[in-house]
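This is entry-v9.txt. It holds compact mmCIF, C-alpha atoms and all ligand atoms.
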```
# COMPACT_ATOMS: atom_id res chain seq x y z
CA MET A 1 -11.95 -5.42 -6.74
CA LEU A 2 -11.89 -1.81 -5.52
CA LYS A 3 -13.87 1.08 -6.89
CA LEU A 4 -13.75 4.72 -5.81
CA GLU A 5 -16.55 6.97 -6.99
CA SER A 6 -16.29 10.75 -6.59
CA LEU A 7 -14.34 10.33 -3.36
CA ARG A 8 -13.66 13.46 -1.30
CA VAL A 9 -11.54 13.67 1.83
CA SER A 10 -10.87 16.88 3.76
CA TYR A 11 -8.87 18.05 6.73
CA GLY A 12 -10.92 21.00 7.91
CA ALA A 13 -10.79 23.53 5.10
CA ILE A 14 -8.12 21.59 3.16
CA GLN A 15 -9.56 19.31 0.48
CA ALA A 16 -6.86 16.67 0.13
CA VAL A 17 -8.80 14.34 -2.19
CA ARG A 18 -11.28 15.94 -4.59
CA ASP A 19 -13.73 13.93 -6.58
CA VAL A 20 -11.49 10.93 -7.26
CA SER A 21 -12.92 8.02 -9.24
CA LEU A 22 -10.79 4.99 -10.05
CA GLU A 23 -10.84 1.20 -10.27
CA ILE A 24 -8.47 -1.56 -9.25
CA ARG A 25 -9.05 -4.92 -10.94
CA THR A 26 -8.22 -8.30 -9.49
CA GLY A 27 -4.60 -9.31 -10.00
CA GLU A 28 -3.33 -5.89 -11.02
CA ILE A 29 -0.59 -3.70 -9.67
CA VAL A 30 -1.89 -0.16 -9.92
CA THR A 31 0.36 2.72 -9.00
CA ILE A 32 -0.63 6.21 -7.95
CA ILE A 33 2.05 8.78 -8.54
CA GLY A 34 2.08 12.48 -7.77
CA ALA A 35 4.08 15.26 -6.15
CA ASN A 36 4.39 15.87 -2.41
CA GLY A 37 1.03 16.80 -0.95
CA ALA A 38 -0.97 15.59 -3.98
CA GLY A 39 -3.20 13.54 -1.67
CA LYS A 40 -1.79 10.04 -2.27
CA SER A 41 -1.47 9.02 1.38
CA THR A 42 -4.86 10.52 2.19
CA LEU A 43 -6.40 8.44 -0.59
CA LEU A 44 -4.94 5.22 0.83
CA LYS A 45 -5.99 6.17 4.37
CA ALA A 46 -9.55 6.69 3.16
CA VAL A 47 -9.48 3.29 1.43
CA ALA A 48 -8.22 1.67 4.65
CA GLY A 49 -10.80 3.51 6.78
CA LEU A 50 -8.29 5.66 8.66
CA GLU A 51 -9.73 8.93 7.30
CA PRO A 52 -13.45 9.35 6.72
CA ALA A 53 -14.84 9.96 3.24
CA GLN A 54 -16.54 13.33 3.19
CA ASP A 55 -18.43 12.38 0.06
CA GLY A 56 -18.44 9.63 -2.57
CA ARG A 57 -18.37 5.86 -2.35
CA ILE A 58 -15.80 3.10 -1.81
CA THR A 59 -16.74 -0.38 -3.02
CA PHE A 60 -14.56 -3.40 -2.20
CA MET A 61 -15.44 -6.85 -3.56
CA ASP A 62 -18.93 -5.62 -4.52
CA ARG A 63 -19.60 -4.34 -1.01
CA ASP A 64 -20.06 -0.68 -0.06
CA ILE A 65 -17.42 -0.12 2.64
CA THR A 66 -17.58 3.69 2.73
CA GLN A 67 -18.77 3.74 6.35
CA LEU A 68 -17.12 0.54 7.53
CA PRO A 69 -14.58 0.90 10.39
CA ALA A 70 -10.93 0.15 9.55
CA HIS A 71 -10.71 -3.13 11.48
CA GLN A 72 -13.68 -4.55 9.61
CA ARG A 73 -12.04 -3.64 6.30
CA VAL A 74 -8.98 -5.63 7.43
CA GLY A 75 -11.32 -8.55 8.11
CA LEU A 76 -12.57 -8.34 4.52
CA GLY A 77 -9.02 -8.59 3.20
CA LEU A 78 -7.93 -5.00 2.77
CA ALA A 79 -4.46 -4.28 4.18
CA LEU A 80 -2.35 -1.12 4.38
CA SER A 81 1.41 -0.89 4.78
CA PRO A 82 1.59 2.76 5.86
CA GLU A 83 4.01 5.51 4.93
CA GLY A 84 6.72 5.61 7.58
CA ARG A 85 6.21 1.86 8.20
CA GLY A 86 4.72 2.23 11.71
CA VAL A 87 6.41 -0.84 13.13
CA PHE A 88 5.98 -1.44 16.87
CA ALA A 89 9.51 -0.44 17.89
CA ASP A 90 9.56 -2.13 21.30
CA GLN A 91 8.26 -5.45 19.99
CA THR A 92 10.27 -8.15 18.25
CA VAL A 93 9.97 -8.86 14.54
CA TYR A 94 7.96 -11.99 15.36
CA ASP A 95 5.56 -10.13 17.67
CA ASN A 96 5.04 -7.42 15.03
CA LEU A 97 3.98 -10.18 12.65
CA LEU A 98 1.59 -11.65 15.22
CA LEU A 99 0.03 -8.22 15.72
CA GLY A 100 -0.51 -7.99 11.96
CA GLY A 101 -2.48 -11.22 12.20
CA TYR A 102 -4.64 -10.06 15.12
CA ALA A 103 -7.87 -10.12 13.10
CA ARG A 104 -7.54 -13.88 12.63
CA ARG A 105 -5.59 -14.72 15.78
CA LYS A 106 -7.77 -17.75 16.53
CA ASP A 107 -6.70 -19.45 13.32
CA ARG A 108 -3.32 -20.76 14.46
CA ASP A 109 -2.54 -22.51 11.18
CA ALA A 110 -3.19 -19.33 9.20
CA ILE A 111 -0.98 -17.34 11.59
CA ALA A 112 1.87 -19.87 11.32
CA ALA A 113 1.54 -19.94 7.53
CA GLY A 114 1.49 -16.13 7.41
CA VAL A 115 4.70 -15.87 9.45
CA GLU A 116 6.37 -18.41 7.15
CA ARG A 117 5.20 -16.51 4.09
CA GLY A 118 6.73 -13.30 5.46
CA TYR A 119 10.02 -15.05 6.21
CA ALA A 120 10.05 -16.68 2.77
CA LEU A 121 9.48 -13.33 1.07
CA PHE A 122 12.09 -11.56 3.21
CA PRO A 123 14.60 -14.10 4.60
CA ARG A 124 16.27 -11.29 6.51
CA LEU A 125 13.22 -11.14 8.80
CA ARG A 126 13.68 -14.78 9.76
CA GLU A 127 17.30 -14.07 10.76
CA ARG A 128 16.09 -11.13 12.86
CA ARG A 129 12.91 -12.65 14.25
CA ASP A 130 13.86 -11.97 17.90
CA GLN A 131 15.29 -8.49 17.29
CA LEU A 132 13.34 -5.42 18.45
CA ALA A 133 11.77 -3.79 15.41
CA GLY A 134 13.02 -0.35 16.43
CA THR A 135 16.61 -1.53 15.98
CA LEU A 136 16.09 -2.75 12.38
CA SER A 137 17.48 -0.77 9.45
CA GLY A 138 15.04 1.30 7.40
CA GLY A 139 14.95 -1.35 4.68
CA GLU A 140 14.32 -4.13 7.19
CA GLN A 141 11.54 -2.10 8.79
CA GLN A 142 9.94 -1.71 5.36
CA MET A 143 10.13 -5.48 4.85
CA LEU A 144 8.53 -5.97 8.25
CA ALA A 145 5.74 -3.48 7.50
CA MET A 146 4.92 -5.38 4.31
CA ALA A 147 5.13 -8.80 5.93
CA ARG A 148 2.95 -7.58 8.81
CA ALA A 149 0.32 -6.28 6.37
CA LEU A 150 0.27 -9.70 4.70
CA MET A 151 -0.51 -11.41 8.01
CA CYS A 152 -4.23 -10.62 7.75
CA GLY A 153 -4.39 -12.66 4.54
CA PRO A 154 -5.31 -9.70 2.32
CA ARG A 155 -6.82 -9.78 -1.15
CA LEU A 156 -5.76 -6.17 -1.70
CA LEU A 157 -2.49 -4.76 -0.37
CA CYS A 158 -2.05 -0.98 -0.27
CA LEU A 159 1.59 0.10 -0.09
CA ASP A 160 2.34 3.71 0.81
CA GLU A 161 5.79 4.80 -0.40
CA PRO A 162 7.65 1.57 0.32
CA SER A 163 10.88 2.95 -1.18
CA LEU A 164 10.96 6.12 0.93
CA GLY A 165 14.46 6.85 2.23
CA LEU A 166 15.94 3.49 1.21
CA ALA A 167 19.22 2.74 -0.56
CA PRO A 168 18.90 1.70 -4.23
CA LEU A 169 19.83 -1.95 -3.61
CA ILE A 170 17.14 -2.32 -0.95
CA VAL A 171 14.62 -0.59 -3.22
CA GLN A 172 15.35 -3.32 -5.80
CA ASP A 173 14.58 -5.99 -3.17
CA ILE A 174 11.32 -4.29 -2.23
CA PHE A 175 10.21 -4.04 -5.87
CA ALA A 176 11.19 -7.68 -6.46
CA ALA A 177 8.96 -8.62 -3.53
CA ILE A 178 6.09 -6.56 -4.96
CA ARG A 179 6.41 -8.46 -8.27
CA GLN A 180 6.54 -11.75 -6.40
CA LEU A 181 3.33 -10.92 -4.52
CA ARG A 182 1.56 -10.03 -7.75
CA ASP A 183 2.74 -13.30 -9.32
CA ASP A 184 1.28 -15.07 -6.25
CA GLY A 185 -2.10 -13.55 -7.12
CA LEU A 186 -2.29 -10.53 -4.81
CA THR A 187 -3.82 -7.27 -6.03
CA ILE A 188 -1.67 -4.25 -5.16
CA VAL A 189 -2.10 -0.48 -4.98
CA LEU A 190 1.27 1.20 -4.88
CA VAL A 191 1.71 4.85 -3.94
CA GLU A 192 5.18 6.00 -4.91
CA GLN A 193 7.37 9.01 -5.47
CA MET A 194 9.85 6.84 -7.38
CA ALA A 195 7.71 7.13 -10.49
CA ASN A 196 10.17 5.38 -12.79
CA GLN A 197 10.29 2.20 -10.73
CA ALA A 198 6.59 2.27 -9.93
CA LEU A 199 5.47 2.71 -13.54
CA GLY A 200 7.90 -0.03 -14.56
CA VAL A 201 6.19 -2.56 -12.29
CA ALA A 202 2.59 -1.33 -12.68
CA ASP A 203 -0.08 -2.72 -14.97
CA ARG A 204 -1.91 0.59 -14.77
CA ALA A 205 -1.33 3.96 -13.18
CA TYR A 206 -3.05 7.16 -12.11
CA VAL A 207 -1.46 10.59 -11.71
CA LEU A 208 -2.81 12.62 -8.79
CA GLU A 209 -2.39 16.40 -8.77
CA THR A 210 -3.72 18.50 -5.88
CA GLY A 211 -6.25 15.85 -5.01
CA ARG A 212 -7.53 15.11 -8.53
CA VAL A 213 -6.77 12.38 -11.05
CA THR A 214 -5.30 14.18 -14.06
CA LEU A 215 -3.98 11.24 -16.11
CA SER A 216 -4.38 7.49 -16.25
CA GLY A 217 -3.22 4.66 -18.47
CA THR A 218 -1.03 1.60 -18.52
CA GLY A 219 2.31 1.84 -16.78
CA ALA A 220 4.04 1.79 -20.17
CA GLN A 221 1.81 4.57 -21.55
CA LEU A 222 2.55 6.89 -18.65
CA LEU A 223 6.26 6.05 -18.75
CA SER A 224 6.40 7.40 -22.30
CA ASP A 225 4.02 10.33 -21.74
CA PRO A 226 5.96 13.61 -22.22
CA LYS A 227 4.09 15.40 -19.40
CA VAL A 228 4.78 12.56 -16.97
CA ARG A 229 8.41 12.41 -18.05
CA ALA A 230 8.89 16.13 -17.55
CA ALA A 231 7.04 16.34 -14.21
CA TYR A 232 7.90 13.06 -12.48
CA LEU A 233 10.81 11.42 -14.25
CA GLY A 234 13.07 14.44 -14.57
CA SER A 235 13.47 14.08 -18.33
CA HIS A 236 11.91 15.43 -21.52
P1 LIG B 301 3.63 12.97 0.29
O1 LIG B 301 4.12 12.32 -0.94
O2 LIG B 301 4.41 14.19 0.66
O3 LIG B 301 3.37 12.03 1.44
P2 LIG B 301 0.82 12.90 -0.41
O4 LIG B 301 0.54 12.96 -1.86
O5 LIG B 301 0.76 11.58 0.24
O6 LIG B 301 2.19 13.61 -0.11
P3 LIG B 301 -1.03 13.73 1.62
O7 LIG B 301 -0.14 13.32 2.74
O8 LIG B 301 -2.21 12.89 1.32
O9 LIG B 301 -0.20 13.89 0.28
O10 LIG B 301 -1.51 15.22 1.88
C1 LIG B 301 -2.45 15.89 1.04
C2 LIG B 301 -2.77 17.25 1.63
O11 LIG B 301 -3.45 17.12 2.87
C3 LIG B 301 -1.53 18.10 1.94
O12 LIG B 301 -1.84 19.44 1.62
C4 LIG B 301 -1.33 17.92 3.43
O13 LIG B 301 -0.73 19.06 4.01
C5 LIG B 301 -2.74 17.76 3.92
N1 LIG B 301 -2.80 16.89 5.11
C6 LIG B 301 -2.38 15.61 5.18
N2 LIG B 301 -2.62 15.10 6.42
C7 LIG B 301 -3.19 16.10 7.15
C8 LIG B 301 -3.67 16.21 8.49
N3 LIG B 301 -3.62 15.16 9.33
N4 LIG B 301 -4.17 17.40 8.88
C9 LIG B 301 -4.26 18.44 8.02
N5 LIG B 301 -3.85 18.41 6.73
C10 LIG B 301 -3.31 17.25 6.30
```
Using structure tokens, write down the structure from this file.
Amino acid sequence: MLKLESLRVSYGAIQAVRDVSLEIRTGEIVTIIGANGAGKSTLLKAVAGLEPAQDGRITFMDRDITQLPAHQRVGLGLALSPEGRGVFADQTVYDNLLLGGYARRKDRDAIAAGVERGYALFPRLRERRDQLAGTLSGGEQQMLAMARALMCGPRLLCLDEPSLGLAPLIVQDIFAAIRQLRDDGLTIVLVEQMANQALGVADRAYVLETGRVTLSGTGAQLLSDPKVRAAYLGSH
């Protein structure tokens, strides 16, 4: 579904993503783990079209999207739930969802079905539909960011650190929702610092270190890899 070939992304002199090649197949959950500053968020931003590729190629559904603007990638079915959630604080939960569906706003049935899907996945959002997003708890804002990303009817959902700063019980809810979405047929790229949880849910995984892929394998393989255990799981 998604293929990165020798992707490079820089911020001035800083090379955040260096020569990354990887593949995401239809129906998979693939996780990308790595330390702070490894380039995980930059990688997702480049996939979403929010940072330009300096070099290399991004192919989505057999189409070269390397130069395609972000909003056109959304139209093709590529959605990002960003790190920090980025909810529209002064808008209600419902209006945040509508904004997520902007690319297909003329399709009223799809918008109504998308809102229902979000509420079904996270019933708490239905209860809080008229509440301003800025007054939601961190966990509720994460639910909203995910539900909003789903509103464009994506084929591929990129999730950037959905567990960041959340209490363990809420993290369980978020991971249950990720499993549910995969079971519904969505393909998911999951960037996470909670390596244990992420590898547990992932079909496959890549380790990113200072902008390069240094290891890859199934989630189970990386969970039992001594180097991964020592560096990311705090055990030996
Ligand atoms: P974290 O887990 O801490 O979010 P990350 O793996 O997502 O880290 P990135 O946020 O992609 O890492 O950052 C990769 C590198 O690029 C870091 O060295 C960071 O300082 C740098 N960087 C990120 N965004 C910018 C920016 N807008 N301008 C300049 N440098 C940046």
Using 9 Å as the limit and counting only C-alpha atoms and all ligand atoms, can you tabulate each residue of chain A that touches ligand LIG 301 (chain B), with its shortest atom-to-atom distance in Å and the two atoms involved, as a Markdown table?
```
| residue | atom | partner | partner_atom | distance |
| --- | --- | --- | --- | --- |
| A:Val9 | CA | B:LIG301 | O11 | 8.9 |
| A:Ser10 | CA | B:LIG301 | O11 | 7.5 |
| A:Tyr11 | CA | B:LIG301 | C9 | 4.8 |
| A:Gly12 | CA | B:LIG301 | C9 | 7.1 |
| A:Ala13 | CA | B:LIG301 | N5 | 8.8 |
| A:Ile14 | CA | B:LIG301 | N5 | 6.4 |
| A:Gln15 | CA | B:LIG301 | O11 | 6.9 |
| A:Ala16 | CA | B:LIG301 | C2 | 4.4 |
| A:Val17 | CA | B:LIG301 | C1 | 7.3 |
| A:Ile33 | CA | B:LIG301 | O4 | 8.0 |
| A:Gly34 | CA | B:LIG301 | O4 | 6.1 |
| A:Ala35 | CA | B:LIG301 | O1 | 6.0 |
| A:Asn36 | CA | B:LIG301 | O2 | 3.5 |
| A:Gly37 | CA | B:LIG301 | O9 | 3.4 |
| A:Ala38 | CA | B:LIG301 | O4 | 3.7 |
| A:Gly39 | CA | B:LIG301 | O8 | 3.2 |
| A:Lys40 | CA | B:LIG301 | O4 | 3.8 |
| A:Ser41 | CA | B:LIG301 | O5 | 3.6 |
| A:Thr42 | CA | B:LIG301 | O8 | 3.7 |
| A:Leu43 | CA | B:LIG301 | O8 | 6.4 |
| A:Leu44 | CA | B:LIG301 | O8 | 8.2 |
| A:Lys45 | CA | B:LIG301 | O8 | 8.3 |
| A:Glu51 | CA | B:LIG301 | N3 | 9.0 |
| A:Glu83 | CA | B:LIG301 | O3 | 7.4 |
| A:Asp160 | CA | B:LIG301 | O5 | 8.0 |
| A:Glu161 | CA | B:LIG301 | O1 | 7.7 |
| A:Val191 | CA | B:LIG301 | O5 | 8.0 |
| A:Glu192 | CA | B:LIG301 | O1 | 7.5 |
| A:Gln193 | CA | B:LIG301 | O1 | 6.5 |
| A:Leu208 | CA | B:LIG301 | O4 | 7.7 |
| A:Glu209 | CA | B:LIG301 | O4 | 8.3 |
| A:Thr210 | CA | B:LIG301 | C1 | 7.5 |
| A:Gly211 | CA | B:LIG301 | C1 | 7.1 |
```
What separates atom CA of A:Gly56 and atom CA of A:Lys3 is a distance of 10.6 Å
Using all atoms listed in the file, pick whichever of A:Val115, A:Leu50, A:Ile65, A:Leu166 has the shortest atom-to-atom distance to A:Leu80.
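Closest candidate: A:Leu50.
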Calculated over only C-alpha atoms, which of the candidates A:Asn96, A:Gln180, A:Thr31, A:Gln54 has the smallest distance to A:Asn196?
A:Thr31
Quick one: residues within 9 Å of A:Leu2, only C-alpha atoms counted, chain neighbours fewer than 6 positions away excluded, as an MDAnalysis selection string?
chainID A and resid 22:26 47 58:62 156
Go ahead and save the residues from that selection, with C-alpha atoms, as a compact mmCIF listing (two decimals), keeping the file's coordinate frame.
```txt
# COMPACT_ATOMS: atom_id res chain seq x y z
CA LEU A 22 -10.79 4.99 -10.05
CA GLU A 23 -10.84 1.20 -10.27
CA ILE A 24 -8.47 -1.56 -9.25
CA ARG A 25 -9.05 -4.92 -10.94
CA THR A 26 -8.22 -8.30 -9.49
CA VAL A 47 -9.48 3.29 1.43
CA ILE A 58 -15.80 3.10 -1.81
CA THR A 59 -16.74 -0.38 -3.02
CA PHE A 60 -14.56 -3.40 -2.20
CA MET A 61 -15.44 -6.85 -3.56
CA ASP A 62 -18.93 -5.62 -4.52
CA LEU A 156 -5.76 -6.17 -1.70
```
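Shortest separation to A:Ala167 among A:Asp64, A:Glu140, A:Asp225, A:Asp184 occurs at residue A:Glu140, atoms counted being all atoms listed in the file.
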Computed interatomic separation between atom CA of A:Val93 and atom CA of A:Ala120 (Å)
14.1 Å
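Coordinates place atom CA of A:Gly27 at a distance of 4.5 Å from atom CA of A:Thr187.
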Which residue, A:Pro168, A:Gly200, A:Gly77, A:Gly217, has the smallest gap to A:Met151 when you use all atoms listed in the file?
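Looking at the shortest contact to A:Met151, the residue is A:Gly77.
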